[in-house]
Each structure stands twice: as structure tokens, then as C-alpha cells.
file input_33.cif (mmCIF, C-alpha atoms)
data_start
#
loop_
_atom_site.group_PDB
_atom_site.id
_atom_site.type_symbol
_atom_site.label_atom_id
_atom_site.label_comp_id
_atom_site.auth_asym_id
_atom_site.auth_seq_id
_atom_site.Cartn_x
_atom_site.Cartn_y
_atom_site.Cartn_z
ATOM 1 C CA MET A 1 54.676 3.661 -39.488
ATOM 2 C CA THR A 2 57.579 4.952 -37.416
ATOM 3 C CA TRP A 3 58.459 3.347 -34.089
ATOM 4 C CA GLY A 4 57.402 6.497 -32.204
ATOM 5 C CA ILE A 5 53.950 6.639 -33.767
ATOM 6 C CA LYS A 6 53.446 2.908 -33.237
ATOM 7 C CA THR A 7 54.392 3.178 -29.558
ATOM 8 C CA THR A 8 52.130 6.204 -29.055
ATOM 9 C CA ARG A 9 49.145 4.424 -30.583
ATOM 10 C CA CYS A 10 49.750 1.340 -28.422
ATOM 11 C CA LEU A 11 49.775 3.527 -25.311
ATOM 12 C CA LEU A 12 46.633 5.341 -26.421
ATOM 13 C CA ARG A 13 44.892 2.006 -26.969
ATOM 14 C CA ARG A 14 45.537 1.080 -23.332
ATOM 15 C CA VAL A 15 44.256 4.440 -22.115
ATOM 16 C CA ILE A 16 41.113 4.071 -24.234
ATOM 17 C CA TYR A 17 40.521 0.578 -22.865
ATOM 18 C CA VAL A 18 40.683 1.824 -19.272
ATOM 19 C CA ALA A 19 38.327 4.687 -20.132
ATOM 20 C CA MET A 20 35.804 2.338 -21.763
ATOM 21 C CA ARG A 21 35.938 -0.025 -18.788
ATOM 22 C CA SER A 22 35.145 2.975 -16.587
ATOM 23 C CA CYS A 23 32.165 4.044 -18.722
ATOM 24 C CA TYR A 24 30.729 0.571 -19.364
ATOM 25 C CA ARG A 25 30.698 -2.905 -17.928
ATOM 26 C CA LEU A 26 32.676 -3.972 -20.947
ATOM 27 C CA SER A 27 33.402 -7.587 -21.810
ATOM 28 C CA VAL A 28 35.630 -8.459 -24.763
ATOM 29 C CA HIS A 29 35.816 -11.898 -26.343
ATOM 30 C CA GLY A 30 37.965 -13.399 -29.082
ATOM 31 C CA GLN A 31 40.906 -11.010 -28.865
ATOM 32 C CA GLY A 32 43.108 -13.929 -29.897
ATOM 33 C CA HIS A 33 41.483 -13.853 -33.326
ATOM 34 C CA VAL A 34 43.156 -10.516 -34.042
ATOM 35 C CA PRO A 35 46.568 -11.313 -35.609
ATOM 36 C CA LYS A 36 49.549 -10.312 -33.510
ATOM 37 C CA ARG A 37 51.272 -8.867 -36.563
ATOM 38 C CA GLY A 38 50.525 -8.106 -40.178
ATOM 39 C CA ALA A 39 47.638 -6.467 -41.978
ATOM 40 C CA ALA A 40 43.963 -7.249 -41.456
ATOM 41 C CA LEU A 41 40.570 -5.653 -41.971
ATOM 42 C CA VAL A 42 38.115 -5.539 -39.052
ATOM 43 C CA VAL A 43 34.406 -5.172 -39.883
ATOM 44 C CA CYS A 44 31.720 -4.459 -37.275
ATOM 45 C CA ASN A 45 28.117 -3.317 -36.915
ATOM 46 C CA HIS A 46 27.654 0.394 -36.225
ATOM 47 C CA VAL A 47 25.506 1.308 -33.222
ATOM 48 C CA SER A 48 26.747 4.562 -31.708
ATOM 49 C CA PHE A 49 29.368 7.272 -31.815
ATOM 50 C CA MET A 50 31.229 5.367 -29.077
ATOM 51 C CA ASP A 51 31.783 2.277 -31.249
ATOM 52 C CA ALA A 52 35.231 3.286 -32.451
ATOM 53 C CA LEU A 53 36.463 3.850 -28.894
ATOM 54 C CA VAL A 54 35.067 0.535 -27.648
ATOM 55 C CA LEU A 55 36.628 -1.335 -30.574
ATOM 56 C CA GLY A 56 39.875 0.607 -30.349
ATOM 57 C CA GLY A 57 40.219 -0.186 -26.664
ATOM 58 C CA GLY A 58 39.044 -3.780 -26.973
ATOM 59 C CA SER A 59 41.412 -4.708 -29.784
ATOM 60 C CA PRO A 60 44.827 -6.038 -28.704
ATOM 61 C CA ARG A 61 46.386 -3.910 -31.469
ATOM 62 C CA PRO A 62 45.729 -0.315 -32.518
ATOM 63 C CA LEU A 63 43.058 0.050 -35.191
ATOM 64 C CA ARG A 64 42.968 2.656 -37.943
ATOM 65 C CA PHE A 65 39.373 3.697 -38.526
ATOM 66 C CA VAL A 66 37.717 4.801 -41.725
ATOM 67 C CA MET A 67 35.422 7.652 -40.718
ATOM 68 C CA ASP A 68 33.284 10.404 -42.254
ATOM 69 C CA GLN A 69 35.265 13.441 -43.393
ATOM 70 C CA PRO A 70 32.997 15.998 -41.629
ATOM 71 C CA ILE A 71 33.570 14.257 -38.283
ATOM 72 C CA PHE A 72 37.301 13.936 -38.994
ATOM 73 C CA GLU A 73 37.459 17.680 -39.615
ATOM 74 C CA SER A 74 35.939 18.453 -36.195
ATOM 75 C CA ARG A 75 37.506 21.620 -34.835
ATOM 76 C CA TRP A 76 38.210 20.116 -31.414
ATOM 77 C CA LEU A 77 38.954 16.494 -32.299
ATOM 78 C CA LYS A 78 40.865 16.513 -35.582
ATOM 79 C CA TRP A 79 44.211 16.380 -33.751
ATOM 80 C CA TRP A 80 43.053 13.215 -31.968
ATOM 81 C CA PHE A 81 41.844 11.533 -35.161
ATOM 82 C CA GLN A 82 45.162 12.297 -36.832
ATOM 83 C CA LEU A 83 47.089 10.957 -33.848
ATOM 84 C CA VAL A 84 45.287 7.597 -33.879
ATOM 85 C CA GLY A 85 45.591 7.328 -37.658
ATOM 86 C CA ALA A 86 41.944 7.662 -38.666
ATOM 87 C CA ILE A 87 41.298 7.619 -42.423
ATOM 88 C CA PRO A 88 38.641 10.122 -43.579
ATOM 89 C CA ILE A 89 36.126 9.343 -46.309
ATOM 90 C CA GLU A 90 33.857 11.774 -48.132
ATOM 91 C CA SER A 91 31.136 11.214 -50.719
ATOM 92 C CA GLU A 92 31.949 11.588 -54.408
ATOM 93 C CA ARG A 93 29.089 14.088 -54.645
ATOM 94 C CA HIS A 94 30.871 16.521 -52.353
ATOM 95 C CA SER A 95 34.409 15.784 -53.513
ATOM 96 C CA PRO A 96 35.080 14.050 -56.849
ATOM 97 C CA GLY A 97 37.833 11.464 -56.474
ATOM 98 C CA ALA A 98 37.349 11.255 -52.689
ATOM 99 C CA LEU A 99 36.576 7.542 -52.679
ATOM 100 C CA ARG A 100 39.703 6.689 -54.644
ATOM 101 C CA ARG A 101 41.824 8.770 -52.279
ATOM 102 C CA THR A 102 40.361 6.923 -49.304
ATOM 103 C CA LEU A 103 40.903 3.524 -50.944
ATOM 104 C CA ASP A 104 44.503 4.488 -51.670
ATOM 105 C CA GLU A 105 45.021 5.466 -48.032
ATOM 106 C CA VAL A 106 43.455 2.202 -46.831
ATOM 107 C CA SER A 107 45.708 0.220 -49.178
ATOM 108 C CA LYS A 108 48.761 2.107 -47.935
ATOM 109 C CA ALA A 109 47.864 1.328 -44.310
ATOM 110 C CA LEU A 110 47.286 -2.361 -45.050
ATOM 111 C CA ARG A 111 50.510 -2.678 -47.014
ATOM 112 C CA GLU A 112 52.349 -1.181 -44.062
ATOM 113 C CA GLY A 113 50.966 -3.977 -41.888
ATOM 114 C CA ASP A 114 48.305 -1.975 -40.021
ATOM 115 C CA ILE A 115 44.832 -3.146 -39.045
ATOM 116 C CA VAL A 116 42.084 -1.063 -40.642
ATOM 117 C CA MET A 117 38.577 -0.943 -39.170
ATOM 118 C CA VAL A 118 35.458 -0.217 -41.236
ATOM 119 C CA PHE A 119 31.742 -0.039 -40.498
ATOM 120 C CA PRO A 120 30.319 -1.592 -43.698
ATOM 121 C CA GLU A 121 26.780 -0.303 -43.035
ATOM 122 C CA GLY A 122 28.133 3.174 -43.678
ATOM 123 C CA ARG A 123 25.960 4.827 -41.014
ATOM 124 C CA LEU A 124 24.656 4.425 -37.474
ATOM 125 C CA THR A 125 21.802 1.946 -37.230
ATOM 126 C CA PRO A 126 18.449 3.791 -37.021
ATOM 127 C CA ASP A 127 16.672 0.938 -35.228
ATOM 128 C CA GLY A 128 19.268 -1.197 -33.433
ATOM 129 C CA ASP A 129 19.373 -3.849 -36.151
ATOM 130 C CA ILE A 130 22.237 -4.546 -38.571
ATOM 131 C CA HIS A 131 21.621 -3.154 -42.048
ATOM 132 C CA THR A 132 22.954 -4.196 -45.442
ATOM 133 C CA PHE A 133 26.722 -4.031 -45.862
ATOM 134 C CA ARG A 134 27.784 -1.748 -48.703
ATOM 135 C CA ARG A 135 29.839 -2.676 -51.754
ATOM 136 C CA GLY A 136 32.839 -0.624 -50.689
ATOM 137 C CA LEU A 137 33.882 -3.505 -48.458
ATOM 138 C CA GLU A 138 34.382 -5.769 -51.464
ATOM 139 C CA THR A 139 36.233 -2.997 -53.293
ATOM 140 C CA ILE A 140 38.773 -2.775 -50.465
ATOM 141 C CA LEU A 141 39.321 -6.542 -50.446
ATOM 142 C CA ALA A 142 39.644 -6.674 -54.232
ATOM 143 C CA ARG A 143 42.598 -4.292 -53.939
ATOM 144 C CA ASP A 144 44.184 -5.901 -50.859
ATOM 145 C CA ASN A 145 43.555 -9.565 -50.112
ATOM 146 C CA VAL A 146 44.002 -9.511 -46.324
ATOM 147 C CA PRO A 147 42.319 -11.525 -43.556
ATOM 148 C CA VAL A 148 38.977 -10.123 -42.411
ATOM 149 C CA ILE A 149 38.149 -10.145 -38.700
ATOM 150 C CA PRO A 150 34.374 -9.892 -38.093
ATOM 151 C CA ALA A 151 33.263 -8.235 -34.874
ATOM 152 C CA GLY A 152 29.875 -7.875 -33.206
ATOM 153 C CA LEU A 153 29.006 -5.089 -30.796
ATOM 154 C CA ALA A 154 26.063 -5.257 -28.390
ATOM 155 C CA GLY A 155 24.767 -3.075 -25.570
ATOM 156 C CA LEU A 156 25.249 0.416 -26.970
ATOM 157 C CA TRP A 157 21.801 0.669 -28.539
ATOM 158 C CA GLY A 158 19.893 2.775 -26.033
ATOM 159 C CA SER A 159 22.775 5.091 -25.213
ATOM 160 C CA TRP A 160 22.605 8.839 -25.868
ATOM 161 C CA THR A 161 25.280 8.367 -28.563
ATOM 162 C CA SER A 162 22.957 6.068 -30.559
ATOM 163 C CA HIS A 163 19.797 6.948 -32.502
ATOM 164 C CA TYR A 164 17.633 5.250 -29.866
ATOM 165 C CA GLY A 165 14.765 7.563 -28.877
ATOM 166 C CA GLY A 166 15.924 10.372 -31.160
ATOM 167 C CA LYS A 167 18.968 11.650 -32.985
ATOM 168 C CA ALA A 168 22.322 10.678 -31.462
ATOM 169 C CA LEU A 169 23.982 13.260 -29.202
ATOM 170 C CA LYS A 170 20.740 15.253 -29.015
ATOM 171 C CA LYS A 171 19.577 13.648 -25.746
ATOM 172 C CA TRP A 172 20.779 13.678 -22.165
ATOM 173 C CA PRO A 173 22.634 10.558 -21.001
ATOM 174 C CA SER A 174 20.211 8.341 -19.088
ATOM 175 C CA ARG A 175 22.400 5.449 -17.974
ATOM 176 C CA PHE A 176 25.902 4.777 -16.718
ATOM 177 C CA ARG A 177 28.007 1.627 -16.601
ATOM 178 C CA ALA A 178 25.679 -0.220 -18.974
ATOM 179 C CA PRO A 179 26.790 -3.736 -19.993
ATOM 180 C CA VAL A 180 28.520 -3.748 -23.379
ATOM 181 C CA SER A 181 29.800 -6.835 -25.174
ATOM 182 C CA LEU A 182 32.342 -7.011 -28.002
ATOM 183 C CA HIS A 183 33.009 -10.297 -29.812
ATOM 184 C CA PHE A 184 35.799 -10.780 -32.354
ATOM 185 C CA GLY A 185 35.379 -13.767 -34.670
ATOM 186 C CA PRO A 186 37.939 -16.026 -36.385
ATOM 187 C CA PRO A 187 39.747 -14.527 -39.395
ATOM 188 C CA ILE A 188 38.108 -15.042 -42.778
ATOM 189 C CA LEU A 189 40.165 -15.440 -45.945
ATOM 190 C CA VAL A 190 38.485 -14.079 -49.039
ATOM 191 C CA HIS A 191 39.308 -17.100 -51.239
ATOM 192 C CA GLU A 192 37.568 -19.403 -48.744
ATOM 193 C CA VAL A 193 34.176 -17.726 -49.252
ATOM 194 C CA GLU A 194 32.201 -19.566 -51.915
ATOM 195 C CA GLY A 195 28.577 -19.659 -53.033
ATOM 196 C CA VAL A 196 27.556 -16.304 -51.536
ATOM 197 C CA ALA A 197 28.522 -12.648 -52.010
ATOM 198 C CA LEU A 198 31.441 -11.768 -49.756
ATOM 199 C CA ARG A 199 29.732 -8.835 -48.085
ATOM 200 C CA ARG A 200 26.625 -10.967 -47.408
ATOM 201 C CA PHE A 201 28.805 -13.660 -45.858
ATOM 202 C CA LEU A 202 30.584 -11.137 -43.615
ATOM 203 C CA GLU A 203 27.259 -9.553 -42.663
ATOM 204 C CA GLN A 204 26.015 -12.970 -41.500
ATOM 205 C CA ARG A 205 29.139 -13.467 -39.389
ATOM 206 C CA VAL A 206 28.762 -10.052 -37.761
ATOM 207 C CA ARG A 207 25.086 -10.756 -37.067
ATOM 208 C CA ALA A 208 26.003 -14.010 -35.313
ATOM 209 C CA LEU A 209 28.625 -12.263 -33.163
ATOM 210 C CA LYS A 210 26.203 -9.478 -32.227
ATOM 211 C CA ALA A 211 23.601 -12.108 -31.302
ATOM 212 C CA ALA A 212 26.143 -13.736 -28.985
ATOM 213 C CA GLY A 213 26.701 -10.359 -27.345
ATOM 214 C CA ASP A 214 22.965 -9.730 -27.013
ATOM 215 C CA SER A 215 22.532 -13.113 -25.296
ATOM 216 C CA GLU A 216 25.384 -12.368 -22.918
ATOM 217 C CA ILE A 217 23.885 -9.006 -21.955
ATOM 218 C CA ALA A 218 20.428 -10.535 -21.498
ATOM 219 C CA ARG A 219 21.897 -12.986 -18.994
ATOM 220 C CA CYS A 220 23.374 -10.075 -17.068
ATOM 221 C CA GLN A 221 20.083 -8.219 -16.714
ATOM 222 C CA PRO A 222 18.178 -8.696 -13.450
ATOM 223 C CA ARG A 223 15.199 -11.004 -13.817
ATOM 224 C CA GLN A 224 11.829 -9.350 -13.541
ATOM 225 C CA GLN A 225 9.517 -10.585 -10.788
ATOM 226 C CA ASP A 226 6.232 -12.206 -11.843
#

call {"tool": "encode", "arguments": {"input": "input_33.cif", "output": "C-alpha cells"}}
result
Amino acid sequence: MTWGIKTTRCLLRRVIYVAMRSCYRLSVHGQGHVPKRGAALVVCNHVSFMDALVLGGGSPRPLRFVMDQPIFESRWLKWWFQLVGAIPIESERHSPGALRRTLDEVSKALREGDIVMVFPEGRLTPDGDIHTFRRGLETILARDNVPVIPAGLAGLWGSWTSHYGGKALKKWPSRFRAPVSLHFGPPILVHEVEGVALRRFLEQRVRALKAAGDSEIARCQPRQQD
């Protein structure tokens, strides 16, 4: 990554953080777990179409997101996705060899010392819960043995950009400045995980971080009168 691109992405991260703090009562915990330099993989639960912005703003370093090709190719937003270094992924059914191309791009980013962010569920949650992490996560880590930073996101289920109450983006916004909590966990080294499948282990960590965020938000809610 050239110095100019790196500087631009750092500035954009600050702008995104300010924007997210304006939209939500955002609290971020564990930023110190994100390495100050060098490659890492961040994994998080996927709640809404705002997740990438909340994570991108909350991280102390710019994140490069793996995202669906159709969204990446958006007529109005493709320039933005390219600017922040998003990495598109498309199904093998629609484009043979697409997965390998994405894995190659992820490897290139990691070997250049970037932090790559993936949503291992592969889709927005349909019910607010965390669903099974897919095998692609282990494929990435088999190619590039980098630290994994688990993250848990809470508070966005119920927004118009989630599938709460109907398909995301098909409803009118019904709330503003909702409490949102983002927790980063300690780095996990692949060789330290024993006795359980790696993706299951990471899923458990993300669940625990999301639960911490849910508890924090519950404490912020006004108590109902008897």
C-alpha cells in the first residue's frame, strides 16, 4: 500500500467514526487488542448493512472488508468501496474461480501488513442470533497464519438496515441514536487452538463478545415501571 492510500484510509476511518458516533450512541471496547502494525484478520457477527461502517470507524486501524460482489459493484458506491480497499467475493456458481481470486486478494492484503475483516456467517442474521461460521474462514487462515481478532457487535438488530421486522432496507427508519456496542477481543493465534474446530472456537469467542455488548446495552435501557 502506498503512503498516500494509507493516509487517505486513516483519514476516512476518522470521518467514519465521527459519522457513526452521530448516528448511534456508540461505545467501543478493546481497541488495544487490534495490533498497531502488521497483518491480522478480524471476524465479527453480521447484523446489518451498517456493520462495516461501525467496525471501520471503531477500529484504530483501517480495515479491508470482504464483501459480496453485487454490493461492491453498486453504481453509486463502487468508488467508495475501491477507495477503502474492500475485497469483493462472488459465488463459484456465478463466476468459476471467483473464490480463489478472492483468497488471493486476501492473502495479498495480509502479506502487505493490512488488517482484513470478514463476516464468517456469510450473510446478515435473519433472527438476531449468531449463525454457524463457514469453512472459508479456516481456508483463509490455512493460507496465511495471522492473528485473529474476534469482535462482537450488539445493538443494530432492530434497525432498518437489519432483517428485523422484514427485509433490510425495505422499511422506514424507526429510531435514531440507538445504543450500539462493539467489543474487540484479545488476539487468537491459530496454533494455540486445540481440541475444537477453529471456526467453532472463534464463533464461541464472538458470541461471548456480543453477549457482553448485549448486557451493556440492557443496562443503558430505561427501567420499566411495575

call {"tool": "closest_residue", "arguments": {"input": "input_33.cif", "among": "A:Met67, A:Leu53, A:Ala40, A:Ile130", "to": "Val18 in chain A", "atoms": "only C-alpha atoms"}}
result
A:Leu53

call {"tool": "closest_residue", "arguments": {"input": "input_33.cif", "among": "A:Gln69, A:Phe119, A:Leu124, A:Ala154", "to": "Ala98 in chain A", "atoms": "only C-alpha atoms"}}
result
A:Gln69

call {"tool": "resolve_selection", "arguments": {"input": "input_33.cif", "expression": "the PyMOL selection byres ((chain A and resi 157-163) around 9)", "output": "ChimeraX atom specification"}}
result
/A:47-50,124-128,154-156,164-175,178

call {"tool": "write_last_selection", "arguments": {"input": "input_33.cif", "atoms": "C-alpha atoms", "output": "PDB file, in the coordinates of the input"}}
result
ATOM      1  CA  VAL A  47      25.506   1.308 -33.222  1.00  0.00           C
ATOM      2  CA  SER A  48      26.747   4.562 -31.708  1.00  0.00           C
ATOM      3  CA  PHE A  49      29.368   7.272 -31.815  1.00  0.00           C
ATOM      4  CA  MET A  50      31.229   5.367 -29.077  1.00  0.00           C
ATOM      5  CA  LEU A 124      24.656   4.425 -37.474  1.00  0.00           C
ATOM      6  CA  THR A 125      21.802   1.946 -37.230  1.00  0.00           C
ATOM      7  CA  PRO A 126      18.449   3.791 -37.021  1.00  0.00           C
ATOM      8  CA  ASP A 127      16.672   0.938 -35.228  1.00  0.00           C
ATOM      9  CA  GLY A 128      19.268  -1.197 -33.433  1.00  0.00           C
ATOM     10  CA  ALA A 154      26.063  -5.257 -28.390  1.00  0.00           C
ATOM     11  CA  GLY A 155      24.767  -3.075 -25.570  1.00  0.00           C
ATOM     12  CA  LEU A 156      25.249   0.416 -26.970  1.00  0.00           C
ATOM     13  CA  TYR A 164      17.633   5.250 -29.866  1.00  0.00           C
ATOM     14  CA  GLY A 165      14.765   7.563 -28.877  1.00  0.00           C
ATOM     15  CA  GLY A 166      15.924  10.372 -31.160  1.00  0.00           C
ATOM     16  CA  LYS A 167      18.968  11.650 -32.985  1.00  0.00           C
ATOM     17  CA  ALA A 168      22.322  10.678 -31.462  1.00  0.00           C
ATOM     18  CA  LEU A 169      23.982  13.260 -29.202  1.00  0.00           C
ATOM     19  CA  LYS A 170      20.740  15.253 -29.015  1.00  0.00           C
ATOM     20  CA  LYS A 171      19.577  13.648 -25.746  1.00  0.00           C
ATOM     21  CA  TRP A 172      20.779  13.678 -22.165  1.00  0.00           C
ATOM     22  CA  PRO A 173      22.634  10.558 -21.001  1.00  0.00           C
ATOM     23  CA  SER A 174      20.211   8.341 -19.088  1.00  0.00           C
ATOM     24  CA  ARG A 175      22.400   5.449 -17.974  1.00  0.00           C
ATOM     25  CA  ALA A 178      25.679  -0.220 -18.974  1.00  0.00           C
TER      26      ALA A 178
END

call {"tool": "closest_residue", "arguments": {"input": "input_33.cif", "among": "A:Leu99, A:Leu77, A:Ile149, A:Ile16", "to": "Ala39 in chain A", "atoms": "only C-alpha atoms"}}
result
A:Ile149

call {"tool": "atom_distance", "arguments": {"input": "input_33.cif", "atom1": "CA of Val15 in chain A", "atom2": "CA of Leu83 in chain A"}}
result
13.7 Å

call {"tool": "resolve_selection", "arguments": {"input": "input_33.cif", "expression": "the PyMOL selection byres ((chain A and resi 194-199) around 10)", "output": "VMD selection string"}}
result
chain A and resid 120 132 to 138 141 190 to 193 200 to 205

call {"tool": "atom_distance", "arguments": {"input": "input_33.cif", "atom1": "CA of Cys44 in chain A", "atom2": "CA of Val148 in chain A"}}
result
10.5 Å
